[in-house]
Amino acid sequence: MQRFRLPRQFAGLALVVGMVGGVVGEAALADQQTNTVATFSSPLSYQMYNILAAEMYIRQGNPGQAALHYIAAAQQAESAKFAQRASELATSANDNQLASRALELWTKLDPNSEDAREYRTLSHVRAGRYDEAVKDLVLVRDYVEKKEGHGFEFIASLLEMEPAADGKAYETFKRYVASADNSTRAQLVLASLAINAQRFDDGLKAAQAVKATGDRLQKVQAARLASRAYMGLQQVDKAIDELAPVVKTSKDVDLKLDYGRMLILTDRRAEATPLYKQLYASQPENSDVVYTLGLLYLEQKKFEFAEPLIKKLLKVPERAADASYFMGQIYEGQKHPKEAIEAYKRATTSSFMVESTGRAARLLMETDSLDAARQWLGEQLKAANNDASKAHILLVEGKLLHEREQYKEAVGVFDKLLVLKPDDVDALYNRSLSNERLGNFAAAEADLRALIKLQPENATVLNALGYMLVVNTNRYPEAEELIRKALAIRPTDPAIMDSMGWILFHTGKQDEAEGLLRKAYAQLHEPEIASHLVEVLSARNKAAEAKAILQDILSKFPNDQTLIKLKEKLVGL
């Protein structure tokens, strides 16, 4: 905007403006309403007052109040530039009413201003005045088309820049298509705006219309949009089917990457791997391709193929920390624990900090000692700069102690964690497990009850408390209520079915118990579930089947103490 040199006689006025602060806007608004400048020595002093006040409000981050003063200055000076400034400020303040007022003045002072029409269009869109917005869109389109030859493209880009979430740009363009332009290119833009506004059904309909009438390029664009719409509708298989024929003939790397991600999302990794191999052959320095192909190989345990790719990522600064975590997985898979530990340690600053800390500590415990793992975790704890990191480190330490049956020490570590984060779900749950092993059932129950208050629909916690009551008390009705609630939330979970079967067995419903335990064991061949099924079958005089199941599970878990004790208990099996 034009800058004014302040004459000597207005120096006092500038000082007053700086002093009055928050009351300037009210005074200016009153002046606008009474249409008088009687309190100023001249029209120029009134104009300067409003400009200075506006600039002051801009510096204070108050564009709406600044717009008011520029409106007043524009009215007094009949200046389109001042009106334009007011419109820009009101638009940035998202004040639709004020923007409309400024734009009305701007178009009045400069009827041929194309910029004014563009701002007025956006003002109508944001205020939900869709019919008025369409009229202005047509005016802007025709003007730009006549002047520069790309009027449609201009209005499309104008709307694409608007916030998508509120759907106002889409609603405007939908009316534009209905009343002014139902061409294939307009349907293509309509599909894009609809999908960006999460109107996926409408976007799909528009994209399918383009596929029926468009040229080759438009059909490709429509297929991509239709695929996005299907993804939004959570119909991933249909999204893949839309893109598959396009990908075969396209050289667009981004398109192929989108398609590859969909394949991975639907566990079609066998199809994704050759696609990423093809992409890597043509773009060996594309870190997204290297990253994904490396992880595909890693997931398939093809460490010899994954290793050179992940090492390549180690040289990419923004990928190096994450790559260290994957190198840890590779070294671990190759039975090189020392190298794995060092890689995991380097990854503790990555987005895989949680996983890296846990893996490094566990490997230290397995290859050296629990004390070595705890010493390293202690160093990490001292270096941690936030409570979340400290809490995770303590959680890892507590779990390791629990695993090594040092339950009292584990409870002490979880206590420290809960000082940092009193409602930490993992800490409460794991402390309850350690307290149960110590025989502190009241403390264990208290932690699980606290968890249920925090997460009343957490099936894992409901099941844990119910099962603990079955095993350690005779409060069977209460236990059954908890487990039934968990089963209603996750009806196919084998662990919860096992708990339900076990409570049914203890309450004399052996037939129902056997049925549930058979279903649980069919899903998950796990020692505890097997032991429950064996015991129920034995109680029901099905000794031969019980013996066969016990021998089979013991062959897979020969050192499991639950199974060994059960075999001793059920003499003859």
# chains A, B, ... in the order shown; residues from 1 in each chain; ligands from 1
call {"tool": "select_by_dssp", "arguments": {"residues": "range 220-390 of chain A", "states": "helix (DSSP H, G or I)", "output": "PyMOL selection string"}}
result
chain A and resi 220-232+236-249+253-265+269-282+287-299+303-313+320-333+337-349+353-367+370-383+387-390
call {"tool": "write_last_selection", "arguments": {"atoms": "C-alpha atoms", "output": "CSV table (one decimal), in the first residue's frame"}}
result
chain,number,residue,atom,x,y,z
A,220,VAL,CA,-7.1,-41.7,-16.0
A,221,GLN,CA,-7.7,-38.8,-13.6
A,222,ALA,CA,-11.2,-40.0,-13.0
A,223,ALA,CA,-10.0,-43.5,-12.1
A,224,ARG,CA,-7.6,-42.0,-9.5
A,225,LEU,CA,-10.4,-39.9,-8.0
A,226,ALA,CA,-12.8,-42.9,-8.0
A,227,SER,CA,-10.1,-44.9,-6.2
A,228,ARG,CA,-9.7,-42.1,-3.6
A,229,ALA,CA,-13.5,-42.1,-3.1
A,230,TYR,CA,-13.5,-45.9,-2.6
A,231,MET,CA,-10.7,-45.5,0.0
A,232,GLY,CA,-12.8,-42.9,1.8
A,236,VAL,CA,-10.1,-50.8,-0.4
A,237,ASP,CA,-10.5,-53.7,-2.8
A,238,LYS,CA,-12.7,-51.6,-5.1
A,239,ALA,CA,-10.1,-48.8,-4.9
A,240,ILE,CA,-7.4,-51.2,-6.0
A,241,ASP,CA,-9.6,-52.5,-8.9
A,242,GLU,CA,-10.0,-48.9,-10.1
A,243,LEU,CA,-6.3,-48.2,-10.2
A,244,ALA,CA,-5.0,-51.6,-11.4
A,245,PRO,CA,-5.6,-51.1,-15.2
A,246,VAL,CA,-4.3,-47.5,-15.0
A,247,VAL,CA,-1.1,-48.5,-13.2
A,248,LYS,CA,-0.2,-51.1,-15.8
A,249,THR,CA,0.2,-48.4,-18.5
A,253,VAL,CA,5.6,-42.8,-9.9
A,254,ASP,CA,3.2,-41.2,-7.4
A,255,LEU,CA,0.4,-43.2,-8.9
A,256,LYS,CA,2.3,-46.4,-8.6
A,257,LEU,CA,3.3,-45.6,-5.0
A,258,ASP,CA,-0.4,-44.9,-4.1
A,259,TYR,CA,-1.3,-48.3,-5.7
A,260,GLY,CA,1.5,-50.1,-3.8
A,261,ARG,CA,0.4,-48.6,-0.5
A,262,MET,CA,-3.1,-49.9,-1.1
A,263,LEU,CA,-1.8,-53.4,-1.8
A,264,ILE,CA,0.2,-53.3,1.4
A,265,LEU,CA,-2.9,-52.0,3.3
A,269,ARG,CA,2.3,-57.9,-0.3
A,270,ALA,CA,3.0,-60.6,-2.9
A,271,GLU,CA,1.7,-58.1,-5.5
A,272,ALA,CA,3.3,-55.1,-3.9
A,273,THR,CA,6.8,-56.5,-3.9
A,274,PRO,CA,7.3,-56.8,-7.7
A,275,LEU,CA,5.8,-53.3,-8.1
A,276,TYR,CA,8.3,-51.8,-5.7
A,277,LYS,CA,11.1,-53.7,-7.3
A,278,GLN,CA,10.1,-52.2,-10.6
A,279,LEU,CA,10.0,-48.7,-9.0
A,280,TYR,CA,13.4,-49.2,-7.4
A,281,ALA,CA,14.9,-50.2,-10.7
A,282,SER,CA,13.8,-46.9,-12.3
A,287,SER,CA,13.9,-42.9,-0.4
A,288,ASP,CA,10.1,-43.7,-0.2
A,289,VAL,CA,10.6,-46.6,-2.6
A,290,VAL,CA,13.8,-47.8,-0.9
A,291,TYR,CA,12.1,-47.6,2.5
A,292,THR,CA,9.0,-49.6,1.5
A,293,LEU,CA,10.8,-52.2,-0.5
A,294,GLY,CA,13.2,-52.7,2.3
A,295,LEU,CA,10.4,-53.2,4.8
A,296,LEU,CA,8.6,-55.6,2.4
A,297,TYR,CA,11.8,-57.8,2.3
A,298,LEU,CA,12.2,-57.4,6.1
A,299,GLU,CA,8.7,-58.6,6.7
A,303,PHE,CA,17.3,-60.2,5.3
A,304,GLU,CA,19.9,-60.5,2.5
A,305,PHE,CA,17.7,-58.3,0.2
A,306,ALA,CA,16.5,-56.0,3.0
A,307,GLU,CA,20.0,-55.2,4.4
A,308,PRO,CA,21.5,-53.2,1.4
A,309,LEU,CA,18.3,-51.2,1.1
A,310,ILE,CA,18.1,-50.3,4.8
A,311,LYS,CA,21.9,-49.5,4.8
A,312,LYS,CA,21.2,-47.1,1.9
A,313,LEU,CA,18.6,-45.4,4.1
A,320,ALA,CA,18.8,-42.6,9.4
A,321,ALA,CA,17.3,-43.0,12.9
A,322,ASP,CA,14.4,-45.1,11.7
A,323,ALA,CA,16.7,-47.2,9.5
A,324,SER,CA,18.8,-48.0,12.5
A,325,TYR,CA,15.7,-49.6,14.1
A,326,PHE,CA,15.2,-51.8,11.0
A,327,MET,CA,18.9,-52.7,10.9
A,328,GLY,CA,18.4,-53.9,14.5
A,329,GLN,CA,15.6,-56.2,13.3
A,330,ILE,CA,17.8,-57.5,10.5
A,331,TYR,CA,20.7,-58.2,12.8
A,332,GLU,CA,18.4,-59.8,15.2
A,333,GLY,CA,17.0,-62.0,12.4
A,337,PRO,CA,22.5,-59.8,18.9
A,338,LYS,CA,25.5,-57.5,19.7
A,339,GLU,CA,25.1,-55.7,16.3
A,340,ALA,CA,21.3,-55.6,16.9
A,341,ILE,CA,21.7,-54.0,20.3
A,342,GLU,CA,24.0,-51.2,18.9
A,343,ALA,CA,21.5,-50.6,16.1
A,344,TYR,CA,18.6,-50.4,18.5
A,345,LYS,CA,20.5,-48.0,20.7
A,346,ARG,CA,21.1,-45.7,17.8
A,347,ALA,CA,17.4,-45.8,17.1
A,348,THR,CA,16.2,-44.5,20.5
A,349,THR,CA,15.9,-41.0,18.9
A,353,MET,CA,11.9,-45.1,20.3
A,354,VAL,CA,9.5,-47.2,22.2
A,355,GLU,CA,10.2,-50.4,20.3
A,356,SER,CA,13.9,-49.7,20.1
A,357,THR,CA,14.3,-49.2,23.8
A,358,GLY,CA,12.4,-52.4,24.6
A,359,ARG,CA,14.3,-54.5,22.1
A,360,ALA,CA,17.7,-53.2,23.2
A,361,ALA,CA,17.0,-53.8,26.8
A,362,ARG,CA,15.6,-57.3,26.2
A,363,LEU,CA,18.6,-58.4,24.1
A,364,LEU,CA,21.0,-57.0,26.8
A,365,MET,CA,19.2,-59.1,29.4
A,366,GLU,CA,19.3,-62.2,27.2
A,367,THR,CA,22.9,-61.9,26.1
A,370,LEU,CA,19.2,-58.3,33.8
A,371,ASP,CA,21.6,-56.0,35.7
A,372,ALA,CA,23.3,-54.9,32.4
A,373,ALA,CA,19.9,-54.2,30.9
A,374,ARG,CA,18.8,-52.2,34.0
A,375,GLN,CA,22.1,-50.2,34.0
A,376,TRP,CA,21.6,-49.2,30.4
A,377,LEU,CA,17.9,-48.3,31.1
A,378,GLY,CA,19.1,-46.2,34.0
A,379,GLU,CA,21.4,-44.2,31.7
A,380,GLN,CA,18.5,-43.7,29.3
A,381,LEU,CA,16.3,-42.5,32.2
A,382,LYS,CA,18.9,-39.9,33.2
A,383,ALA,CA,19.2,-38.7,29.6
A,387,ASP,CA,8.0,-37.6,31.3
A,388,ALA,CA,6.6,-39.6,28.5
A,389,SER,CA,10.1,-41.0,27.6
A,390,LYS,CA,10.9,-41.6,31.3
call {"tool": "residues_around", "arguments": {"residues": "range 548-562 of chain A", "least_positions_apart": "3", "cutoff": "8 Å", "atoms": "only C-alpha atoms", "output": "PyMOL selection string"}}
result
chain A and resi 525-528+530-531+534+544-545+565-567+573
call {"tool": "write_last_selection", "arguments": {"atoms": "C-alpha atoms", "output": "tab-separated table (two decimals), in the first residue's frame"}}
result
chain	number	residue	atom	x	y	z
A	525	HIS	CA	-2.94	-73.48	20.35
A	526	GLU	CA	-1.63	-72.02	23.60
A	527	PRO	CA	-0.64	-73.92	26.80
A	528	GLU	CA	-3.11	-72.28	29.18
A	530	ALA	CA	-4.99	-76.35	26.23
A	531	SER	CA	-4.66	-77.07	29.94
A	534	VAL	CA	-7.72	-81.02	28.91
A	544	ALA	CA	-8.34	-90.41	25.43
A	545	GLU	CA	-8.95	-87.06	23.74
A	565	LYS	CA	1.87	-79.70	36.64
A	566	LEU	CA	-1.34	-80.67	34.86
A	567	LYS	CA	0.19	-83.95	33.67
A	573	LEU	CA	-2.68	-89.04	30.99
call {"tool": "atom_distance", "arguments": {"atom1": "CA of Leu89 in chain A", "atom2": "CA of Ala67 in chain A"}}
result
5.4 Å
call {"tool": "closest_residue", "arguments": {"among": "A:Leu469, A:Val411, A:Leu98, A:Leu105", "to": "Ala83 in chain A", "atoms": "only C-alpha atoms"}}
result
A:Leu105
call {"tool": "closest_residue", "arguments": {"among": "A:Ala464, A:Leu122, A:Ile503, A:Ala102", "to": "Asp447 in chain A", "atoms": "only C-alpha atoms"}}
result
A:Ala464
call {"tool": "atom_distance", "arguments": {"atom1": "CA of Asp252 in chain A", "atom2": "CA of Leu217 in chain A"}}
result
12.4 Å
call {"tool": "residues_around", "arguments": {"residues": "Ala495 in chain A", "least_positions_apart": "2", "cutoff": "9 Å", "atoms": "only C-alpha atoms", "output": "ChimeraX atom specification"}}
result
/A:460,463,492-493,497-500,520,524,529
call {"tool": "closest_residue", "arguments": {"among": "A:Glu436, A:Asp215, A:Asp166, A:Asp267", "to": "Leu188 in chain A", "atoms": "only C-alpha atoms"}}
result
A:Asp215
call {"tool": "closest_residue", "arguments": {"among": "A:Ser179, A:Gln208, A:Asn50, A:Ser100", "to": "Ala191 in chain A", "atoms": "only C-alpha atoms"}}
result
A:Gln208
call {"tool": "residues_around", "arguments": {"residues": "range 54-63 of chain A", "least_positions_apart": "5", "cutoff": "8 Å", "atoms": "only C-alpha atoms", "output": "ChimeraX atom specification"}}
result
/A:18,68-70,89-90,92-93
